[in-house]
Every structure is written in C-alpha cells, then in structure tokens.
$ cat data.pdb   # PDB, C-alpha atoms, pLDDT in the B column
ATOM      1  CA  MET A   1      -6.524 -13.492  27.770  1.00 50.00           C
ATOM      2  CA  ARG A   2      -4.624 -12.868  31.035  1.00 60.00           C
ATOM      3  CA  THR A   3      -0.951 -13.541  31.432  1.00 62.00           C
ATOM      4  CA  ALA A   4       1.864 -12.581  33.764  1.00 78.00           C
ATOM      5  CA  ASP A   5       3.592 -10.802  30.866  1.00 87.00           C
ATOM      6  CA  PRO A   6       1.460  -7.938  29.493  1.00 88.00           C
ATOM      7  CA  ALA A   7       3.898  -7.311  26.614  1.00 85.00           C
ATOM      8  CA  ARG A   8       3.583 -10.941  25.470  1.00 86.00           C
ATOM      9  CA  ALA A   9      -0.200 -10.779  25.802  1.00 87.00           C
ATOM     10  CA  PHE A  10      -0.265  -7.605  23.706  1.00 82.00           C
ATOM     11  CA  ARG A  11       1.937  -9.174  21.009  1.00 82.00           C
ATOM     12  CA  ASP A  12      -0.282 -12.259  20.888  1.00 82.00           C
ATOM     13  CA  THR A  13      -3.390 -10.100  20.639  1.00 79.00           C
ATOM     14  CA  ILE A  14      -2.144  -7.587  18.067  1.00 76.00           C
ATOM     15  CA  GLY A  15      -0.771 -10.529  16.068  1.00 76.00           C
ATOM     16  CA  ARG A  16      -4.382 -11.313  15.137  1.00 74.00           C
ATOM     17  CA  PHE A  17      -4.284  -8.170  12.995  1.00 71.00           C
ATOM     18  CA  SER A  18      -2.737  -9.123   9.660  1.00 76.00           C
ATOM     19  CA  THR A  19      -0.327  -6.659   8.072  1.00 82.00           C
ATOM     20  CA  GLY A  20       1.673  -6.326   4.923  1.00 89.00           C
ATOM     21  CA  VAL A  21       5.433  -6.793   5.074  1.00 94.00           C
ATOM     22  CA  THR A  22       7.676  -3.996   3.852  1.00 96.00           C
ATOM     23  CA  ILE A  23      11.319  -3.064   3.592  1.00 96.00           C
ATOM     24  CA  VAL A  24      12.030   0.570   4.422  1.00 97.00           C
ATOM     25  CA  THR A  25      15.112   1.842   2.619  1.00 97.00           C
ATOM     26  CA  ALA A  26      17.344   4.903   2.530  1.00 97.00           C
ATOM     27  CA  ILE A  27      20.792   5.854   1.198  1.00 96.00           C
ATOM     28  CA  GLY A  28      23.397   7.364   3.483  1.00 94.00           C
ATOM     29  CA  ALA A  29      27.084   8.200   3.379  1.00 93.00           C
ATOM     30  CA  ASP A  30      27.961   4.501   3.852  1.00 91.00           C
ATOM     31  CA  GLY A  31      25.604   3.296   1.109  1.00 92.00           C
ATOM     32  CA  PRO A  32      22.100   1.865   1.183  1.00 94.00           C
ATOM     33  CA  ALA A  33      20.365   0.856   4.408  1.00 94.00           C
ATOM     34  CA  GLY A  34      17.135  -0.997   4.995  1.00 95.00           C
ATOM     35  CA  MET A  35      14.937  -2.752   7.522  1.00 95.00           C
ATOM     36  CA  THR A  36      11.949  -5.059   7.447  1.00 95.00           C
ATOM     37  CA  THR A  37       8.823  -3.732   9.123  1.00 95.00           C
ATOM     38  CA  ASN A  38       5.086  -4.149   9.173  1.00 91.00           C
ATOM     39  CA  ALA A  39       4.604  -0.984  11.257  1.00 93.00           C
ATOM     40  CA  ILE A  40       3.499   1.397   8.519  1.00 95.00           C
ATOM     41  CA  ALA A  41       0.189   3.123   7.856  1.00 96.00           C
ATOM     42  CA  SER A  42      -1.406   5.647   5.578  1.00 96.00           C
ATOM     43  CA  LEU A  43      -1.917   8.868   7.555  1.00 96.00           C
ATOM     44  CA  SER A  44      -3.431  11.473   5.224  1.00 96.00           C
ATOM     45  CA  LEU A  45      -4.594  12.001   1.649  1.00 95.00           C
ATOM     46  CA  ASP A  46      -4.325  15.804   1.823  1.00 96.00           C
ATOM     47  CA  PRO A  47      -1.411  16.165   2.077  1.00 97.00           C
ATOM     48  CA  LEU A  48      -0.220  12.643   1.188  1.00 97.00           C
ATOM     49  CA  LEU A  49       1.377  11.350   4.411  1.00 98.00           C
ATOM     50  CA  LEU A  50       2.614   7.965   5.595  1.00 97.00           C
ATOM     51  CA  ILE A  51       3.718   6.711   9.015  1.00 97.00           C
ATOM     52  CA  VAL A  52       6.670   4.356   9.562  1.00 98.00           C
ATOM     53  CA  CYS A  53       7.713   3.178  13.033  1.00 97.00           C
ATOM     54  CA  PHE A  54      11.470   2.772  13.496  1.00 97.00           C
ATOM     55  CA  GLU A  55      13.007   0.882  16.413  1.00 93.00           C
ATOM     56  CA  MET A  56      15.193   3.350  18.357  1.00 92.00           C
ATOM     57  CA  ARG A  57      18.386   1.308  17.739  1.00 91.00           C
ATOM     58  CA  SER A  58      17.757   0.907  14.012  1.00 92.00           C
ATOM     59  CA  ARG A  59      20.678   1.855  11.788  1.00 92.00           C
ATOM     60  CA  THR A  60      18.139   2.685   9.092  1.00 95.00           C
ATOM     61  CA  LEU A  61      16.584   5.272  11.419  1.00 96.00           C
ATOM     62  CA  GLU A  62      19.952   7.014  11.709  1.00 96.00           C
ATOM     63  CA  VAL A  63      20.254   7.202   7.919  1.00 96.00           C
ATOM     64  CA  VAL A  64      16.688   8.528   7.572  1.00 98.00           C
ATOM     65  CA  ARG A  65      17.318  11.075  10.316  1.00 97.00           C
ATOM     66  CA  THR A  66      20.351  12.348   8.392  1.00 97.00           C
ATOM     67  CA  THR A  67      19.051  12.212   4.799  1.00 97.00           C
ATOM     68  CA  ARG A  68      15.416  13.146   5.613  1.00 98.00           C
ATOM     69  CA  ARG A  69      14.021  10.657   3.081  1.00 98.00           C
ATOM     70  CA  PHE A  70      13.023   6.997   2.792  1.00 98.00           C
ATOM     71  CA  ALA A  71      11.118   4.491   0.661  1.00 98.00           C
ATOM     72  CA  VAL A  72       8.626   1.841   1.689  1.00 98.00           C
ATOM     73  CA  ASN A  73       8.897  -1.284  -0.499  1.00 97.00           C
ATOM     74  CA  VAL A  74       5.904  -3.671  -0.266  1.00 97.00           C
ATOM     75  CA  LEU A  75       7.074  -7.289  -0.449  1.00 95.00           C
ATOM     76  CA  ARG A  76       5.572 -10.011  -2.608  1.00 94.00           C
ATOM     77  CA  ALA A  77       4.331 -13.413  -1.501  1.00 94.00           C
ATOM     78  CA  GLY A  78       7.380 -15.697  -1.515  1.00 91.00           C
ATOM     79  CA  ASP A  79       9.812 -13.017  -0.320  1.00 92.00           C
ATOM     80  CA  GLU A  80      10.164 -14.396   3.206  1.00 92.00           C
ATOM     81  CA  GLU A  81      13.919 -14.884   2.781  1.00 91.00           C
ATOM     82  CA  LEU A  82      14.368 -11.272   1.686  1.00 92.00           C
ATOM     83  CA  ALA A  83      12.319 -10.120   4.680  1.00 92.00           C
ATOM     84  CA  ALA A  84      14.591 -12.173   6.964  1.00 92.00           C
ATOM     85  CA  VAL A  85      17.757 -10.648   5.477  1.00 91.00           C
ATOM     86  CA  PHE A  86      16.516  -7.100   6.023  1.00 91.00           C
ATOM     87  CA  ALA A  87      15.286  -7.985   9.532  1.00 92.00           C
ATOM     88  CA  SER A  88      18.791  -9.184  10.427  1.00 88.00           C
ATOM     89  CA  LYS A  89      21.491  -7.121  12.133  1.00 83.00           C
ATOM     90  CA  ARG A  90      23.694  -7.111   9.012  1.00 79.00           C
ATOM     91  CA  VAL A  91      24.908  -3.662   7.986  1.00 74.00           C
ATOM     92  CA  GLY A  92      22.960  -1.973   5.198  1.00 69.00           C
ATOM     93  CA  PRO A  93      25.225  -2.620   2.200  1.00 77.00           C
ATOM     94  CA  ALA A  94      25.490  -6.327   3.157  1.00 82.00           C
ATOM     95  CA  LYS A  95      21.698  -6.593   3.145  1.00 88.00           C
ATOM     96  CA  PHE A  96      21.556  -5.190  -0.370  1.00 86.00           C
ATOM     97  CA  GLU A  97      24.045  -7.841  -1.546  1.00 84.00           C
ATOM     98  CA  ALA A  98      21.191 -10.336  -1.044  1.00 76.00           C
ATOM     99  CA  LEU A  99      19.416  -8.679  -3.979  1.00 77.00           C
ATOM    100  CA  THR A 100      21.581 -10.526  -6.511  1.00 68.00           C
ATOM    101  CA  GLU A 101      18.697 -11.933  -8.568  1.00 70.00           C
ATOM    102  CA  HIS A 102      16.513  -8.838  -8.277  1.00 75.00           C
ATOM    103  CA  GLY A 103      18.342  -5.561  -7.861  1.00 88.00           C
ATOM    104  CA  TRP A 104      17.345  -2.079  -6.880  1.00 93.00           C
ATOM    105  CA  SER A 105      17.460   1.380  -8.335  1.00 92.00           C
ATOM    106  CA  GLU A 106      17.599   4.841  -6.874  1.00 94.00           C
ATOM    107  CA  VAL A 107      14.381   6.852  -7.272  1.00 94.00           C
ATOM    108  CA  HIS A 108      14.022  10.303  -5.692  1.00 94.00           C
ATOM    109  CA  GLY A 109      17.210   9.630  -3.700  1.00 95.00           C
ATOM    110  CA  VAL A 110      16.009   6.370  -2.099  1.00 97.00           C
ATOM    111  CA  PRO A 111      16.484   2.674  -2.954  1.00 96.00           C
ATOM    112  CA  VAL A 112      13.499   1.057  -4.649  1.00 96.00           C
ATOM    113  CA  LEU A 113      13.624  -2.733  -4.834  1.00 95.00           C
ATOM    114  CA  ASP A 114      13.075  -4.042  -8.364  1.00 93.00           C
ATOM    115  CA  ARG A 115      11.012  -6.931  -7.022  1.00 91.00           C
ATOM    116  CA  ALA A 116       8.708  -4.777  -4.859  1.00 95.00           C
ATOM    117  CA  LEU A 117       4.987  -5.252  -5.378  1.00 96.00           C
ATOM    118  CA  ALA A 118       4.655  -1.511  -4.769  1.00 97.00           C
ATOM    119  CA  TRP A 119       6.843   1.305  -3.460  1.00 98.00           C
ATOM    120  CA  ILE A 120       6.377   4.741  -1.932  1.00 98.00           C
ATOM    121  CA  ALA A 121       9.140   7.369  -1.782  1.00 98.00           C
ATOM    122  CA  CYS A 122       8.848   9.932   1.029  1.00 98.00           C
ATOM    123  CA  GLU A 123      10.491  13.064   2.343  1.00 98.00           C
ATOM    124  CA  LEU A 124      10.689  12.933   6.137  1.00 98.00           C
ATOM    125  CA  ARG A 125       8.477  15.606   7.686  1.00 98.00           C
ATOM    126  CA  GLU A 126       9.089  14.758  11.325  1.00 97.00           C
ATOM    127  CA  LEU A 127      10.091  12.128  13.874  1.00 97.00           C
ATOM    128  CA  ARG A 128       8.041  11.739  17.039  1.00 97.00           C
ATOM    129  CA  PRO A 129       8.814   9.623  20.102  1.00 96.00           C
ATOM    130  CA  GLY A 130       6.724   6.492  20.519  1.00 94.00           C
ATOM    131  CA  GLY A 131       7.910   4.278  23.372  1.00 92.00           C
ATOM    132  CA  ASP A 132      10.779   2.122  22.122  1.00 93.00           C
ATOM    133  CA  HIS A 133      10.252   3.450  18.584  1.00 95.00           C
ATOM    134  CA  GLU A 134      10.429   6.713  16.661  1.00 97.00           C
ATOM    135  CA  ILE A 135       7.381   7.461  14.533  1.00 97.00           C
ATOM    136  CA  GLY A 136       8.405   8.846  11.161  1.00 98.00           C
ATOM    137  CA  ILE A 137       5.916  10.914   9.222  1.00 98.00           C
ATOM    138  CA  GLY A 138       6.771  11.017   5.550  1.00 98.00           C
ATOM    139  CA  GLU A 139       5.327  13.140   2.779  1.00 98.00           C
ATOM    140  CA  VAL A 140       4.780  10.993  -0.311  1.00 98.00           C
ATOM    141  CA  VAL A 141       6.733  12.277  -3.326  1.00 98.00           C
ATOM    142  CA  ALA A 142       6.462   9.288  -5.705  1.00 97.00           C
ATOM    143  CA  THR A 143       4.817   5.870  -5.950  1.00 97.00           C
ATOM    144  CA  GLY A 144       4.926   2.832  -8.176  1.00 96.00           C
ATOM    145  CA  ALA A 145       3.220  -0.555  -8.368  1.00 94.00           C
ATOM    146  CA  ALA A 146       3.600  -3.816 -10.280  1.00 90.00           C
ATOM    147  CA  GLN A 147       0.819  -4.932 -12.606  1.00 86.00           C
ATOM    148  CA  ASP A 148       0.225  -8.181 -10.719  1.00 90.00           C
ATOM    149  CA  GLY A 149       1.280 -10.269  -7.746  1.00 92.00           C
ATOM    150  CA  ASP A 150       0.178 -10.976  -4.206  1.00 93.00           C
ATOM    151  CA  PRO A 151       1.542  -9.343  -1.050  1.00 93.00           C
ATOM    152  CA  LEU A 152       3.532 -11.029   1.676  1.00 93.00           C
ATOM    153  CA  VAL A 153       1.438 -10.914   4.851  1.00 89.00           C
ATOM    154  CA  PHE A 154       2.360 -11.266   8.534  1.00 86.00           C
ATOM    155  CA  TYR A 155      -0.242 -12.900  10.803  1.00 79.00           C
ATOM    156  CA  ARG A 156       0.074 -14.493  14.256  1.00 82.00           C
ATOM    157  CA  GLY A 157       3.866 -14.367  14.157  1.00 80.00           C
ATOM    158  CA  ALA A 158       4.282 -15.989  10.751  1.00 76.00           C
ATOM    159  CA  TYR A 159       4.404 -15.098   7.080  1.00 78.00           C
ATOM    160  CA  THR A 160       1.420 -15.997   4.932  1.00 76.00           C
ATOM    161  CA  THR A 161      -0.426 -14.756   1.840  1.00 83.00           C
ATOM    162  CA  VAL A 162      -3.907 -13.484   1.106  1.00 81.00           C
ATOM    163  CA  ALA A 163      -6.582 -16.028   0.212  1.00 70.00           C
ATOM    164  CA  HIS A 164      -8.434 -15.486  -3.060  1.00 66.00           C
TER
END

$ encode --input "data.pdb" --output "structure tokens"
Amino acid sequence: MRTADPARAFRDTIGRFSTGVTIVTAIGADGPAGMTTNAIASLSLDPLLLIVCFEMRSRTLEVVRTTRRFAVNVLRAGDEELAAVFASKRVGPAKFEALTEHGWSEVHGVPVLDRALAWIACELRELRPGGDHEIGIGEVVATGAAQDGDPLVFYRGAYTTVAH
C-alpha cells in the first residue's frame, strides 16, 4: 500500500497485527498512575524480562522513572471503557476513581487491578530511547492470573476479542 503519509501507512499496516490491551500502573508521590498500552512484549526467560513502550510525554513514565517499578495489567474482554479511561489525559488518581466496581491493590509496590485477567509486577532495569517513546525493560518480580476469562484485543484500530 502506498500513501503520501508513511506514518499513516505504517499504522494501517501494523494494525493488522492483533495485540492484547494492558494498563501499565505505578505509584508515585501523588498517588497511583496508569496508562493504556498494547506496546508490551516478553523479552527474556532467563532472566525474566518484559518490554513496555512509554510515550515520551506520559505522566506514567515520569512515575516509573522515579519509582523504578511498574505493573502490566492485562485487560479482559468487555473492559473497553476502562481502557478508554486510562488512555485519557486525566491525572493518575482520577483514572483510578473509575475503578469503583472493581478496585485495585498494591502488590510489590505497584497497583494491580482486581479485574485484570493477568498481571506482571516489574522492577525497572533500564529505559532506552525509541523515537517518540522510551522503551522500558522490566525485570519480572511477581505474576498473577485469573482462572478464566478472555482478553481484550486491539486489531485494525478497534477493540475485539479472540474467537474460540
């Protein structure tokens, strides 16, 4: 596909790769912070490492940079509204107010969403530049997963679920 806008062409192309939807969380001096992202990946099994890509202007990045820890919370099918809240420009504590029905708890110094399908707590090993993002490499210190449920998936610019 050729277009006058290479960035748009790239987004349209990479959008054919389905991803899970997560909320990355941390706790700073002003309370909890979080952001919605699908830019995460497993990096290594020995040691256990995970990659999260943070937009340079992200307030959550600033908290992670200071505290040196974060959690990745995997969202469930049906959590589109929660994903939208954490993708918004609201300040961190205001985002967490949206968790009225399903709360959160602090595990290893990071917020873990009670409703998460799975979660991974990490200690930040390093931040590396990556264009308009910072690439965070986290060492996994704890994990947890629900017994059942389907993940929220992002594909071609929209939320969907996995087909069984």

$ residues_near_point --input "data.pdb" --point "(16.5, -3.1, -4.3)" --cutoff "9 Å" --atoms "all atoms listed in the file" --output "CSV table (one decimal) with C-alpha atoms, keeping the file's coordinate frame"
chain,number,residue,atom,x,y,z
A,25,THR,CA,15.1,1.8,2.6
A,73,ASN,CA,8.9,-1.3,-0.5
A,96,PHE,CA,21.6,-5.2,-0.4
A,99,LEU,CA,19.4,-8.7,-4.0
A,102,HIS,CA,16.5,-8.8,-8.3
A,103,GLY,CA,18.3,-5.6,-7.9
A,104,TRP,CA,17.3,-2.1,-6.9
A,105,SER,CA,17.5,1.4,-8.3
A,106,GLU,CA,17.6,4.8,-6.9
A,111,PRO,CA,16.5,2.7,-3.0
A,112,VAL,CA,13.5,1.1,-4.6
A,113,LEU,CA,13.6,-2.7,-4.8
A,114,ASP,CA,13.1,-4.0,-8.4
A,115,ARG,CA,11.0,-6.9,-7.0
A,116,ALA,CA,8.7,-4.8,-4.9

$ closest_residue --input "data.pdb" --among "A:Pro93, A:Gly28, A:Gly34, A:Gly78" --to "Thr66 (chain A)" --atoms "all atoms listed in the file"
A:Gly28

$ closest_residue --input "data.pdb" --among "A:Gly131, A:Gly15, A:Pro32, A:Pro47" --to "Arg156 (chain A)" --atoms "only C-alpha atoms"
A:Gly15

$ residues_near_point --input "data.pdb" --point "(3.5, 0.0, 10.5)" --cutoff "10 Å" --atoms "only C-alpha atoms" --output "list in words"
Thr19, Gly20, Val21, Thr22, Thr37, Asn38, Ala39, Ile40, Ala41, Ser42, Leu50, Ile51, Val52, Cys53, Phe54 and Ile135 of chain A

$ closest_residue --input "data.pdb" --among "A:Leu82, A:Ile14, A:Val24, A:Ala4" --to "Val63 (chain A)" --atoms "only C-alpha atoms"
A:Val24

$ atom_distance --input "data.pdb" --atom1 "CA of Ala26 (chain A)" --atom2 "CA of Val110 (chain A)"
5.0 Å

$ closest_residue --input "data.pdb" --among "A:Ala145, A:Ala9, A:Val107, A:Ala118" --to "Phe70 (chain A)" --atoms "all atoms listed in the file"
A:Val107

$ atom_distance --input "data.pdb" --atom1 "CA of Ile27 (chain A)" --atom2 "CA of Arg90 (chain A)"
15.4 Å

$ atom_distance --input "data.pdb" --atom1 "CA of Trp119 (chain A)" --atom2 "CA of Pro151 (chain A)"
12.1 Å

$ axis_aligned_box --input "data.pdb" --around "region 130-136 of chain A" --padding-each-side "6 Å" --output "AutoDock Vina command-line options"
--center_x 8.8 --center_y 5.5 --center_z 17.3 --size_x 16.1 --size_y 18.7 --size_z 24.2

$ decode --input "data.pdb" --residues "region 39-82 of chain A" --atoms "N, CA and C atoms" --output "PDB file, in the first residue's frame"
ATOM      1  N   ALA A  39       1.698  -1.818  23.607  1.00  0.00           N
ATOM      2  CA  ALA A  39       3.111  -1.906  23.230  1.00  0.00           C
ATOM      3  C   ALA A  39       3.918  -2.541  24.356  1.00  0.00           C
ATOM      4  N   ILE A  40       3.680  -3.841  24.558  1.00  0.00           N
ATOM      5  CA  ILE A  40       4.455  -4.608  25.527  1.00  0.00           C
ATOM      6  C   ILE A  40       4.888  -5.903  24.849  1.00  0.00           C
ATOM      7  N   ALA A  41       5.942  -6.504  25.362  1.00  0.00           N
ATOM      8  CA  ALA A  41       6.393  -7.790  24.822  1.00  0.00           C
ATOM      9  C   ALA A  41       7.259  -8.500  25.840  1.00  0.00           C
ATOM     10  N   SER A  42       7.205  -9.806  25.809  1.00  0.00           N
ATOM     11  CA  SER A  42       8.131 -10.623  26.572  1.00  0.00           C
ATOM     12  C   SER A  42       9.501 -10.463  25.930  1.00  0.00           C
ATOM     13  N   LEU A  43      10.544 -10.296  26.729  1.00  0.00           N
ATOM     14  CA  LEU A  43      11.892 -10.116  26.193  1.00  0.00           C
ATOM     15  C   LEU A  43      12.782 -11.313  26.469  1.00  0.00           C
ATOM     16  N   SER A  44      12.726 -11.871  27.693  1.00  0.00           N
ATOM     17  CA  SER A  44      13.668 -12.922  28.060  1.00  0.00           C
ATOM     18  C   SER A  44      13.071 -13.812  29.144  1.00  0.00           C
ATOM     19  N   LEU A  45      13.418 -15.098  29.101  1.00  0.00           N
ATOM     20  CA  LEU A  45      13.027 -16.019  30.159  1.00  0.00           C
ATOM     21  C   LEU A  45      14.144 -16.211  31.186  1.00  0.00           C
ATOM     22  N   ASP A  46      15.373 -15.863  30.825  1.00  0.00           N
ATOM     23  CA  ASP A  46      16.497 -16.005  31.749  1.00  0.00           C
ATOM     24  C   ASP A  46      17.477 -14.867  31.549  1.00  0.00           C
ATOM     25  N   PRO A  47      17.347 -13.777  32.307  1.00  0.00           N
ATOM     26  CA  PRO A  47      16.377 -13.551  33.376  1.00  0.00           C
ATOM     27  C   PRO A  47      15.002 -13.209  32.806  1.00  0.00           C
ATOM     28  N   LEU A  48      13.979 -13.195  33.659  1.00  0.00           N
ATOM     29  CA  LEU A  48      12.623 -12.842  33.243  1.00  0.00           C
ATOM     30  C   LEU A  48      12.559 -11.344  32.985  1.00  0.00           C
ATOM     31  N   LEU A  49      12.402 -10.964  31.713  1.00  0.00           N
ATOM     32  CA  LEU A  49      12.356  -9.546  31.327  1.00  0.00           C
ATOM     33  C   LEU A  49      11.164  -9.273  30.439  1.00  0.00           C
ATOM     34  N   LEU A  50      10.650  -8.054  30.554  1.00  0.00           N
ATOM     35  CA  LEU A  50       9.493  -7.581  29.800  1.00  0.00           C
ATOM     36  C   LEU A  50       9.807  -6.202  29.252  1.00  0.00           C
ATOM     37  N   ILE A  51       9.277  -5.889  28.083  1.00  0.00           N
ATOM     38  CA  ILE A  51       9.428  -4.565  27.478  1.00  0.00           C
ATOM     39  C   ILE A  51       8.085  -3.841  27.516  1.00  0.00           C
ATOM     40  N   VAL A  52       8.103  -2.574  27.907  1.00  0.00           N
ATOM     41  CA  VAL A  52       6.942  -1.688  27.805  1.00  0.00           C
ATOM     42  C   VAL A  52       7.408  -0.416  27.113  1.00  0.00           C
ATOM     43  N   CYS A  53       6.650   0.052  26.138  1.00  0.00           N
ATOM     44  CA  CYS A  53       6.976   1.303  25.443  1.00  0.00           C
ATOM     45  C   CYS A  53       6.095   2.419  25.989  1.00  0.00           C
ATOM     46  N   PHE A  54       6.758   3.467  26.487  1.00  0.00           N
ATOM     47  CA  PHE A  54       6.080   4.618  27.087  1.00  0.00           C
ATOM     48  C   PHE A  54       6.201   5.811  26.158  1.00  0.00           C
ATOM     49  N   GLU A  55       5.091   6.486  25.854  1.00  0.00           N
ATOM     50  CA  GLU A  55       5.168   7.733  25.110  1.00  0.00           C
ATOM     51  C   GLU A  55       5.976   8.726  25.946  1.00  0.00           C
ATOM     52  N   MET A  56       6.826   9.508  25.283  1.00  0.00           N
ATOM     53  CA  MET A  56       7.730  10.439  25.983  1.00  0.00           C
ATOM     54  C   MET A  56       7.000  11.391  26.926  1.00  0.00           C
ATOM     55  N   ARG A  57       5.775  11.816  26.576  1.00  0.00           N
ATOM     56  CA  ARG A  57       5.048  12.792  27.405  1.00  0.00           C
ATOM     57  C   ARG A  57       4.180  12.140  28.472  1.00  0.00           C
ATOM     58  N   SER A  58       4.255  10.829  28.595  1.00  0.00           N
ATOM     59  CA  SER A  58       3.407  10.106  29.536  1.00  0.00           C
ATOM     60  C   SER A  58       3.736  10.460  30.981  1.00  0.00           C
ATOM     61  N   ARG A  59       2.701  10.802  31.738  1.00  0.00           N
ATOM     62  CA  ARG A  59       2.891  11.048  33.173  1.00  0.00           C
ATOM     63  C   ARG A  59       3.260   9.749  33.893  1.00  0.00           C
ATOM     64  N   THR A  60       2.764   8.633  33.393  1.00  0.00           N
ATOM     65  CA  THR A  60       3.110   7.347  33.988  1.00  0.00           C
ATOM     66  C   THR A  60       4.603   7.069  33.836  1.00  0.00           C
ATOM     67  N   LEU A  61       5.176   7.440  32.706  1.00  0.00           N
ATOM     68  CA  LEU A  61       6.621   7.277  32.506  1.00  0.00           C
ATOM     69  C   LEU A  61       7.393   8.019  33.587  1.00  0.00           C
ATOM     70  N   GLU A  62       6.979   9.229  33.911  1.00  0.00           N
ATOM     71  CA  GLU A  62       7.684  10.006  34.932  1.00  0.00           C
ATOM     72  C   GLU A  62       7.645   9.312  36.290  1.00  0.00           C
ATOM     73  N   VAL A  63       6.499   8.704  36.614  1.00  0.00           N
ATOM     74  CA  VAL A  63       6.381   7.981  37.881  1.00  0.00           C
ATOM     75  C   VAL A  63       7.290   6.751  37.862  1.00  0.00           C
ATOM     76  N   VAL A  64       7.278   6.008  36.763  1.00  0.00           N
ATOM     77  CA  VAL A  64       8.120   4.814  36.640  1.00  0.00           C
ATOM     78  C   VAL A  64       9.600   5.197  36.702  1.00  0.00           C
ATOM     79  N   ARG A  65       9.953   6.274  36.059  1.00  0.00           N
ATOM     80  CA  ARG A  65      11.343   6.744  36.089  1.00  0.00           C
ATOM     81  C   ARG A  65      11.791   7.030  37.527  1.00  0.00           C
ATOM     82  N   THR A  66      10.889   7.588  38.326  1.00  0.00           N
ATOM     83  CA  THR A  66      11.214   7.926  39.709  1.00  0.00           C
ATOM     84  C   THR A  66      11.199   6.704  40.629  1.00  0.00           C
ATOM     85  N   THR A  67      10.164   5.882  40.540  1.00  0.00           N
ATOM     86  CA  THR A  67       9.989   4.762  41.473  1.00  0.00           C
ATOM     87  C   THR A  67      10.747   3.513  41.053  1.00  0.00           C
ATOM     88  N   ARG A  68      11.071   3.401  39.744  1.00  0.00           N
ATOM     89  CA  ARG A  68      11.819   2.261  39.205  1.00  0.00           C
ATOM     90  C   ARG A  68      11.031   0.950  39.287  1.00  0.00           C
ATOM     91  N   ARG A  69       9.690   1.055  39.215  1.00  0.00           N
ATOM     92  CA  ARG A  69       8.872  -0.159  39.193  1.00  0.00           C
ATOM     93  C   ARG A  69       7.542   0.120  38.502  1.00  0.00           C
ATOM     94  N   PHE A  70       6.918  -0.949  37.995  1.00  0.00           N
ATOM     95  CA  PHE A  70       5.625  -0.836  37.329  1.00  0.00           C
ATOM     96  C   PHE A  70       4.959  -2.201  37.274  1.00  0.00           C
ATOM     97  N   ALA A  71       3.655  -2.186  36.964  1.00  0.00           N
ATOM     98  CA  ALA A  71       2.906  -3.426  36.733  1.00  0.00           C
ATOM     99  C   ALA A  71       2.240  -3.336  35.377  1.00  0.00           C
ATOM    100  N   VAL A  72       2.114  -4.470  34.724  1.00  0.00           N
ATOM    101  CA  VAL A  72       1.348  -4.597  33.494  1.00  0.00           C
ATOM    102  C   VAL A  72       0.104  -5.401  33.844  1.00  0.00           C
ATOM    103  N   ASN A  73      -1.077  -4.796  33.634  1.00  0.00           N
ATOM    104  CA  ASN A  73      -2.360  -5.429  33.925  1.00  0.00           C
ATOM    105  C   ASN A  73      -3.044  -5.765  32.599  1.00  0.00           C
ATOM    106  N   VAL A  74      -3.256  -7.049  32.320  1.00  0.00           N
ATOM    107  CA  VAL A  74      -3.883  -7.494  31.075  1.00  0.00           C
ATOM    108  C   VAL A  74      -5.397  -7.361  31.221  1.00  0.00           C
ATOM    109  N   LEU A  75      -6.013  -6.625  30.291  1.00  0.00           N
ATOM    110  CA  LEU A  75      -7.457  -6.376  30.388  1.00  0.00           C
ATOM    111  C   LEU A  75      -8.283  -7.534  29.847  1.00  0.00           C
ATOM    112  N   ARG A  76      -9.490  -7.622  30.374  1.00  0.00           N
ATOM    113  CA  ARG A  76     -10.458  -8.642  29.954  1.00  0.00           C
ATOM    114  C   ARG A  76     -11.341  -8.116  28.816  1.00  0.00           C
ATOM    115  N   ALA A  77     -11.882  -9.052  28.044  1.00  0.00           N
ATOM    116  CA  ALA A  77     -12.902  -8.704  27.063  1.00  0.00           C
ATOM    117  C   ALA A  77     -14.019  -7.969  27.801  1.00  0.00           C
ATOM    118  N   GLY A  78     -14.504  -6.886  27.235  1.00  0.00           N
ATOM    119  CA  GLY A  78     -15.551  -6.089  27.873  1.00  0.00           C
ATOM    120  C   GLY A  78     -15.026  -4.891  28.637  1.00  0.00           C
ATOM    121  N   ASP A  79     -13.699  -4.760  28.749  1.00  0.00           N
ATOM    122  CA  ASP A  79     -13.123  -3.648  29.507  1.00  0.00           C
ATOM    123  C   ASP A  79     -12.721  -2.461  28.624  1.00  0.00           C
ATOM    124  N   GLU A  80     -13.429  -2.272  27.528  1.00  0.00           N
ATOM    125  CA  GLU A  80     -13.122  -1.161  26.631  1.00  0.00           C
ATOM    126  C   GLU A  80     -13.228   0.191  27.323  1.00  0.00           C
ATOM    127  N   GLU A  81     -14.238   0.356  28.176  1.00  0.00           N
ATOM    128  CA  GLU A  81     -14.425   1.632  28.872  1.00  0.00           C
ATOM    129  C   GLU A  81     -13.250   1.913  29.813  1.00  0.00           C
ATOM    130  N   LEU A  82     -12.791   0.901  30.502  1.00  0.00           N
ATOM    131  CA  LEU A  82     -11.636   1.051  31.389  1.00  0.00           C
ATOM    132  C   LEU A  82     -10.384   1.414  30.587  1.00  0.00           C
TER     133      LEU A  82
END
